[in-house]
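Q: Just dropping this structure here.
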Amino acid sequence: MISRRCTAATLAPLVVVMGLAACSRGPEPGKVLDEALQVGRQGASFPHATEDYFRDMDGGVALSPEEVKGRNMWLVWSGGNDRFWSKMTDYTFGAFDLLKIVSSHPSLGYSRANRWSYFGLVNEPCFDAAAAPDKARRGLWLDVRSKDCGPDPFENESKYPGVKTGSRGQNLGDGSTQPVGSFYGWGTGIAGLRLFPNPDFDAKAAKEWDADRYYTDPAYYNRKDLVRPYRVGMSCGFCHIGPSPTKPPADPNAPKFENLSSSVGAQYMWVDRLFIHNANKPEGRTNYMFQLAHTYRPGTMDTSLVSTDSINNPRTMNAVYEFGGRMGMAKRIGQEKLAGGELDNRQFNDVVASGPLLDFFTKPDTVRTPHVLKDGADSVGLLGALNRVYLNIGLFSEEWLLHFNPVVGGKTITPIPIATAKKNSGYWQATEAGTPDTALFFLKAAQPDHLKDAPGGNAHLDADAATVERGKTAFADTCARCHSSKAPMPPPALDLTAAKCAGPGYLDCFKRYWKWTQTDEYKAQMRTVVQAPDFLQGNYLSTDARVPSTLLRTNICSPLATNALVGNIWNDFSSQTYKNLPSVGSVTLRDPFTGEARAYAMPAGGRGYTRVPSLISAWSTAPFLLNNTVGPFDIDPSVDARVRSFQASIEQMLWPERRERDPVLGEKAGGLIDRTTERSTVTVPSGFVPEALQPMQGTLHRWLPWLVKEEGEIVLGPIPKGVPVALLANLKLRAEGDTLHEKATHVRDAGKLLVELKQALKSAPDNADDDQLRSHFARLREPMMQLSKCPDFVVNRGHYFGTAEFNRQEGLSEDEKSFGREPELSDEDKRALIAFLKTF
C-alpha cells in the first residue's frame, strides 16, 4: 500500500506556484492585432483566388467567376490560422502536431501510401510520396509536386503575396533565407492543409534544427522551445472534402479531382489518430487525451474541443446539401431576433442590391436563418455561420485565445466580439469579403448525390414499385414531419407564428405542432405531398427545426453545449431567440456504474434542443445519429460499401434492439457507454511544464512524487481500463453561476474531489489490476456525477420513432411522456421505408 497520503496541504505549494504563474500579465482582449494588421495588411490586400483549379470536382459543375472564388476560399483559404495550429502542439503537450501528420518519415508508421486507410484523409491529386528528406524543406519528409502536373496556382507569391512578418524574408545565417511565400501557402499533399514558413524560425532556430531528431527523439521534439521551420494552416475544406458518392475513386488513396466533392464532409477521418501523432504506438494510446479523442468515431469531432465547454461532444462533420431548400425553410420558420453584438454579423443585404437574398434580413433586427450547428445555436444568418467557422479553426487566434484556456478550460470564458475582429484582423476582413461567394458556390454546387446516378447504384434499388409506395406512406406518417421541407400548411388555429413561437414560447408551439402531426388529417395531407412526383426535387429533407431532447431521447451532451449562451465565446453568433429558449424539462439518464435510471433537469437559455439533420443522400452517409454511433463504419468509400453500411445502420435505427450494448452493464445501460480501452495517464512532458514551474521541478518532485516525476514530467493517473470516458472529460472545471457563493462552493467541491480521486488511486495496491482501480473510482461516483457538466454516458440511444421502444415509457419523466404514444411500424413497413430512403 502507498502510505503517503495526498492532502490539501500537500497540494498547497503547487496551487500557490500555479496561481502566481497565472497572475502574469499578457496581451489583453480587444487590444491585439493579427499578424496581417501588425504589418499593415488590410483585408483588401488578400484577394480571393480566381483560378478554376478545382473545376473537375463537384461533378464538374460549371461555376461563375464569383462561385469559383467561393470554392477556392472553402478549399485553400486558411486566414492565418497556421499560427493557431502551431500553438496547438503546446496546448496538447506535444500530442498534436500537424507537421508530423503531413510527413512520411519511416519512423512515423504512416505516409502518403496509407494516409487514407490510417487517417481517412484525402490525398490531394498531383503529389507524390516523399522518398527521402527534402533539402528544400529543411530535411522534412513531405509530399512533392508531381512532375506531370502544372504548378499550384495558389502558391503564386507575386499574385498572392504572403504576410512578411518575423523572420520571413530574412537571412537565417546559414546561407538561406526564410521564404515569405503566398498567403495561401504551399500544398502539403493533403487536401485542406497548407504549408507556411514559420515567422518564428530565425537564425538561432535554424542552427538548432535537426529534422531527423524531430521525427525520432522525444527529448528533442517535446521541447517546448523547439521552433519548427514551418506551420500548417487548415482550410474549411479539410473537414468537408471527401470522395464523391456518385463517382468514387478506384483507389481511395489516389483519387483524381473528379472523384472528390467539396461538400460531402470528412466522413472517414479518424480524429483520434490525427490529434495524437503517435496513436499507433503504445505511448500514444496510453495518453488519456487519446482515450478522449478515441470517442470521436470516424467522421466526427468535438468542435468545441479548443474553446472547451468541458463537455465531451463529438459530432459528425456532416455533408452540406441543397442550400436552396434549406434557405427556403429559413424563410418559412427561421425568423429570429438579434441584439447587441449579434447585429454586427454581415447579412446578404450588405453585399447585394436586389434579388431574393434580400428577403433574409429585415432592419433593424430580424433575420431569417438556417440553424447550422447540431444544437441549432448558429442562428444569426448564413454569412455569420460561415464566418464563425473560420474563427473556430483559428483565424485571429491572437484575440480568440485570450478569451478561454485552450483545450483544458478552467477559465471563465468571455465572448469574442465581431466588432473587434472587424477592427483588428486583416484576415477577418478578407474572410467577411469572401464568404458571400462561398454561399453562392454552395447554392450552385451542393446538390444531392443520388444512388441511381452512382456506378452500380441501380442494382441496389431493387424494390418493386408497390414496396416503394408503401415506404412513402411510412415516411409520410412517421418521418416527414421532421425530415421534409415540403409539408402541408399548419391550420391557423395552431397559432404557429413567429410572434408566439420565438424564444420562450417555442416549446409550447412545438408540442402543438407535434400533436397535429399525430392526427389523421395531417397524415392524409402529408401522404399527398410525399407521393407527388417532384417530392424530392429541391427538398432539403429536414425542417431545420430545433427538436426537444425530451422527444428525441438521444444523448444530451450536444444539446447541453454552452459556447453559444449569453456571455460565452460565441455570444455574437447566436440570436436572442436562441438565448431565450425555454427548458425542455426533465430527461431520464442512466448511472454508468449500475444502470439505474436518474432524472436530470435540463437548463433553459438555449440548451436542450437538436437541429433536425437532412436525409439527403442518406444511403451514402452512414453510420447514423449526430455522433455516428448507430451502425458499422467501413473505410471503403465505394458504392457497394456505402450501401452495406447504410443497410446495417438504418436497420439499427429502426430495430433499436440491434444496437451495440455496453460490455459492462449490458441491457441495463440502455445502449453503449464509451469507456477507456486501456490504462492511461494524463501526462505533461517535462518540456511542456509551465515555465513558472520548470525551475521548481526538482522541488515539486520531492513535495509531490505522485504527481511530478524525477524527470520533471507531470503525470496524473493511472486511469484504469473500462472507466467511462465522460466521467472525467465532463467534469466542471469552473462554476456555472456567477455569484461569489456559487464560485466558492464549486472550488471547494472540485478541489475536494481531485484530492479524493488521487487518494483513491494511490491507496490501491502497487500492482493493482484494472478491476481494483475501477472499484476505487466507483467510490467517487456520486461527487463525480454531481460535478459532471453532462452526466449522460450512453452514446447511441434515442430516435426511436416508429419502433416499440418509443412506446416503452416506464420510468420516463412526465416531460418525456408528454409527446404521447405512436403507431409502430411493422417489419414490412420498415423494410419498405428503407427502400424509399435509398432513393434520397
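By order of appearance in the C-alpha cells: chains A, B, ..., then residues from 1 within every chain, and ligands from 1 in the order shown.
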I want to know what sits within 9 Å of A:Val180, based on only C-alpha atoms, with residues of the same chain fewer than 2 positions away left out; could you give that as number ranges by chain?
A: A: 157, 161-165, 167-170, 178, 182-183, 196-197, 199
Q: Could you please take those selected residues and save N, CA, C and O atoms as a compact mmCIF listing (two decimals), in the first residue's frame?
A:
# COMPACT_ATOMS: atom_id res chain seq x y z
N GLU A 157 3.46 33.56 -55.34
CA GLU A 157 3.79 34.58 -54.34
C GLU A 157 3.64 36.00 -54.88
O GLU A 157 3.30 36.93 -54.14
N PRO A 161 0.80 37.55 -52.45
CA PRO A 161 1.96 37.68 -51.55
C PRO A 161 1.60 37.43 -50.09
O PRO A 161 0.60 37.91 -49.58
N GLY A 162 2.45 36.63 -49.45
CA GLY A 162 2.24 36.30 -48.05
C GLY A 162 2.53 37.48 -47.14
O GLY A 162 2.97 38.55 -47.56
N VAL A 163 2.28 37.27 -45.85
CA VAL A 163 2.48 38.31 -44.84
C VAL A 163 3.94 38.27 -44.40
O VAL A 163 4.40 37.29 -43.80
N LYS A 164 4.65 39.35 -44.67
CA LYS A 164 6.07 39.43 -44.33
C LYS A 164 6.21 39.89 -42.89
O LYS A 164 6.18 41.08 -42.58
N THR A 165 6.36 38.92 -42.02
CA THR A 165 6.46 39.21 -40.59
C THR A 165 7.53 38.31 -39.99
O THR A 165 7.84 37.26 -40.54
N SER A 167 10.69 36.40 -39.19
CA SER A 167 11.88 36.02 -39.97
C SER A 167 11.60 35.87 -41.46
O SER A 167 12.53 35.65 -42.23
N ARG A 168 10.34 35.95 -41.87
CA ARG A 168 10.04 35.78 -43.29
C ARG A 168 10.75 36.84 -44.12
O ARG A 168 10.63 38.04 -43.84
N GLY A 169 11.49 36.37 -45.12
CA GLY A 169 12.26 37.28 -45.95
C GLY A 169 13.63 37.62 -45.38
O GLY A 169 14.37 38.38 -46.00
N GLN A 170 13.98 37.03 -44.21
CA GLN A 170 15.24 37.35 -43.55
C GLN A 170 16.28 36.25 -43.77
O GLN A 170 15.96 35.07 -43.94
N GLN A 178 14.65 32.71 -45.10
CA GLN A 178 13.31 32.19 -44.81
C GLN A 178 12.33 32.78 -45.82
O GLN A 178 12.22 34.01 -45.94
N SER A 182 3.28 32.53 -50.37
CA SER A 182 1.96 33.03 -50.71
C SER A 182 1.07 33.03 -49.47
O SER A 182 1.29 32.25 -48.54
N PHE A 183 0.04 33.89 -49.45
CA PHE A 183 -0.86 33.84 -48.30
C PHE A 183 -1.79 32.63 -48.35
O PHE A 183 -2.56 32.39 -47.41
N PHE A 196 3.18 26.77 -44.48
CA PHE A 196 3.62 28.17 -44.42
C PHE A 196 4.97 28.27 -43.73
O PHE A 196 5.24 27.54 -42.77
N PRO A 197 5.84 29.21 -44.18
CA PRO A 197 7.09 29.43 -43.45
C PRO A 197 6.78 30.01 -42.07
O PRO A 197 5.94 30.90 -41.93
N PRO A 199 7.29 32.30 -39.12
CA PRO A 199 7.99 33.57 -38.90
C PRO A 199 8.83 33.58 -37.63
O PRO A 199 9.65 34.49 -37.43
Q: Just how far from atom CA of A:Tyr513 is atom CA of A:Asp495, in Å to one decimal?
A: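 Those two atoms sit 9.6 Å apart.
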Q: Would you work out the distance separating atom CA of A:Gly798 from atom CA of A:Leu625, expressed in Å to one decimal?
A: 8.8 Å
Q: Please identify all polymer residues within 7 Å of stretch 150-154 of chain A, counting only C-alpha atoms, omitting same-chain residues fewer than 2 positions from it, and present them as a list in words.
A: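 Neighbouring residues, sequence-local ones excluded: Asp148, Asn156 and Tyr184 of chain A.
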Q: Export C-alpha atoms of the chosen residues as a tab-separated table (two decimals), in the first residue's frame?
A:
chain	number	residue	atom	x	y	z
A	148	ASP	CA	3.28	15.63	-64.79
A	156	ASN	CA	1.99	32.21	-56.70
A	184	TYR	CA	-2.38	30.55	-49.46
Q: Taking only C-alpha atoms into account, which of A:Ala419, A:Ala377, A:Leu565, A:Val351 comes nearest A:Gly30?
A: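 Using only C-alpha atoms, A:Gly30 sits closest to A:Ala419.
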Q: Stretch 398-482 of chain A near stretch 37-44 of chain A within 9 Å: what's each residue's closest atom pair and its distance in Å to one decimal, counting only C-alpha atoms, ordered by chain then ascending residue number, as a Markdown table?
A:
| residue | atom | partner | partner_atom | distance |
| --- | --- | --- | --- | --- |
| A:Asn424 | CA | A:Leu37 | CA | 6.8 |
| A:Ser425 | CA | A:Leu37 | CA | 6.2 |
| A:Gly426 | CA | A:Gly43 | CA | 4.3 |
| A:Tyr427 | CA | A:Gly43 | CA | 5.9 |
| A:Trp428 | CA | A:Gly43 | CA | 7.1 |
| A:Gln429 | CA | A:Gly43 | CA | 4.6 |
| A:Ala430 | CA | A:Gly43 | CA | 4.2 |
| A:Thr431 | CA | A:Gly43 | CA | 7.9 |
| A:Glu432 | CA | A:Gly43 | CA | 8.8 |
| A:Ala433 | CA | A:Gly43 | CA | 8.0 |
Q: Could you save those same residues with N, CA, C and O atoms as a PDB file, in the first residue's frame?
A:
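What landed in again_4.pdb:
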ATOM      1  N   ASN A 424      -9.507  44.747 -35.864  1.00  0.00           N
ATOM      2  CA  ASN A 424      -8.129  44.359 -35.555  1.00  0.00           C
ATOM      3  C   ASN A 424      -7.595  43.175 -36.350  1.00  0.00           C
ATOM      4  O   ASN A 424      -6.477  42.735 -36.093  1.00  0.00           O
ATOM      5  N   SER A 425      -8.364  42.655 -37.293  1.00  0.00           N
ATOM      6  CA  SER A 425      -7.889  41.495 -38.040  1.00  0.00           C
ATOM      7  C   SER A 425      -8.070  41.683 -39.538  1.00  0.00           C
ATOM      8  O   SER A 425      -9.195  41.721 -40.047  1.00  0.00           O
ATOM      9  N   GLY A 426      -6.940  41.777 -40.248  1.00  0.00           N
ATOM     10  CA  GLY A 426      -7.000  41.827 -41.706  1.00  0.00           C
ATOM     11  C   GLY A 426      -7.529  40.538 -42.289  1.00  0.00           C
ATOM     12  O   GLY A 426      -8.238  40.533 -43.304  1.00  0.00           O
ATOM     13  N   TYR A 427      -7.197  39.418 -41.645  1.00  0.00           N
ATOM     14  CA  TYR A 427      -7.697  38.133 -42.127  1.00  0.00           C
ATOM     15  C   TYR A 427      -9.214  38.029 -41.968  1.00  0.00           C
ATOM     16  O   TYR A 427      -9.902  37.459 -42.822  1.00  0.00           O
ATOM     17  N   TRP A 428      -9.766  38.559 -40.870  1.00  0.00           N
ATOM     18  CA  TRP A 428     -11.224  38.552 -40.711  1.00  0.00           C
ATOM     19  C   TRP A 428     -11.882  39.408 -41.790  1.00  0.00           C
ATOM     20  O   TRP A 428     -12.902  39.022 -42.372  1.00  0.00           O
ATOM     21  N   GLN A 429     -11.304  40.574 -42.052  1.00  0.00           N
ATOM     22  CA  GLN A 429     -11.863  41.451 -43.080  1.00  0.00           C
ATOM     23  C   GLN A 429     -11.915  40.729 -44.431  1.00  0.00           C
ATOM     24  O   GLN A 429     -12.914  40.808 -45.151  1.00  0.00           O
ATOM     25  N   ALA A 430     -10.838  40.003 -44.771  1.00  0.00           N
ATOM     26  CA  ALA A 430     -10.804  39.282 -46.034  1.00  0.00           C
ATOM     27  C   ALA A 430     -11.815  38.131 -46.040  1.00  0.00           C
ATOM     28  O   ALA A 430     -12.427  37.832 -47.069  1.00  0.00           O
ATOM     29  N   THR A 431     -11.989  37.505 -44.887  1.00  0.00           N
ATOM     30  CA  THR A 431     -12.947  36.409 -44.795  1.00  0.00           C
ATOM     31  C   THR A 431     -14.368  36.927 -44.982  1.00  0.00           C
ATOM     32  O   THR A 431     -15.165  36.341 -45.734  1.00  0.00           O
ATOM     33  N   GLU A 432     -14.725  38.002 -44.301  1.00  0.00           N
ATOM     34  CA  GLU A 432     -16.057  38.588 -44.474  1.00  0.00           C
ATOM     35  C   GLU A 432     -16.314  38.961 -45.924  1.00  0.00           C
ATOM     36  O   GLU A 432     -17.438  38.824 -46.423  1.00  0.00           O
ATOM     37  N   ALA A 433     -15.272  39.433 -46.613  1.00  0.00           N
ATOM     38  CA  ALA A 433     -15.442  39.826 -48.012  1.00  0.00           C
ATOM     39  C   ALA A 433     -15.651  38.621 -48.923  1.00  0.00           C
ATOM     40  O   ALA A 433     -16.283  38.737 -49.978  1.00  0.00           O
TER      41      ALA A 433
END
Q: Which of these residues is nearest to A:Phe593, using only C-alpha atoms: A:Val794, A:Asp453, A:Leu740, A:Pro436?
A: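 Smallest separation from A:Phe593 among the options: A:Val794.
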Q: Between A:Pro29, A:Pro370, A:Gly189, A:Gly237, which residue has the minimum interatomic distance to A:Asn72, considering only C-alpha atoms?
A: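 Of all the options, A:Gly237 lies closest to A:Asn72.
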Q: Enter the distance from atom CA of A:Trp570 to atom CA of A:Gly328, in Å, rounded to one decimal.
A: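 So the two atoms, atom CA of A:Trp570 and atom CA of A:Gly328, lie 25.3 Å apart.
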Q: Counting only C-alpha atoms, which residues of stretch 588-661 of chain A sit at most 9 Å from some atom of stretch 242-260 of chain A, and what is each one's closest atom pair with its distance in Å to one decimal, listed by chain and rising residue number, as JSON lines?
A:
{"residue": "A:Ser617", "atom": "CA", "partner": "A:Pro245", "partner_atom": "CA", "distance": 8.7}
{"residue": "A:Ser620", "atom": "CA", "partner": "A:Pro245", "partner_atom": "CA", "distance": 6.3}
{"residue": "A:Asp636", "atom": "CA", "partner": "A:Pro252", "partner_atom": "CA", "distance": 7.7}
{"residue": "A:Pro637", "atom": "CA", "partner": "A:Pro248", "partner_atom": "CA", "distance": 6.7}
{"residue": "A:Ser638", "atom": "CA", "partner": "A:Pro248", "partner_atom": "CA", "distance": 5.9}
{"residue": "A:Val639", "atom": "CA", "partner": "A:Pro245", "partner_atom": "CA", "distance": 6.7}
{"residue": "A:Arg642", "atom": "CA", "partner": "A:Pro245", "partner_atom": "CA", "distance": 8.2}
Q: Between A:Ala353, A:Ile569, A:Ala132, A:Ala604, which is the closest to A:Leu402 once you count only C-alpha atoms?
A: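 Checking each of A:Ala353, A:Ile569, A:Ala132, A:Ala604 against A:Leu402, counting only C-alpha atoms, the winner is A:Ile569.
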Q: Which residues are near A:Ser788? Cut-off 12 Å, only C-alpha atoms, ignore same chain within fewer than 6 positions. Put them as a VMD selection string.
A: chain A and resid 309 to 312 557 560 600 725 to 736 746 749 to 750 753 781 to 782
Q: Name the closest residue to A:Ser680 among the candidates A:Met289, A:Ala561, A:Leu140, A:Leu496; distances are taken between atoms, counting only C-alpha atoms.
A: A:Met289
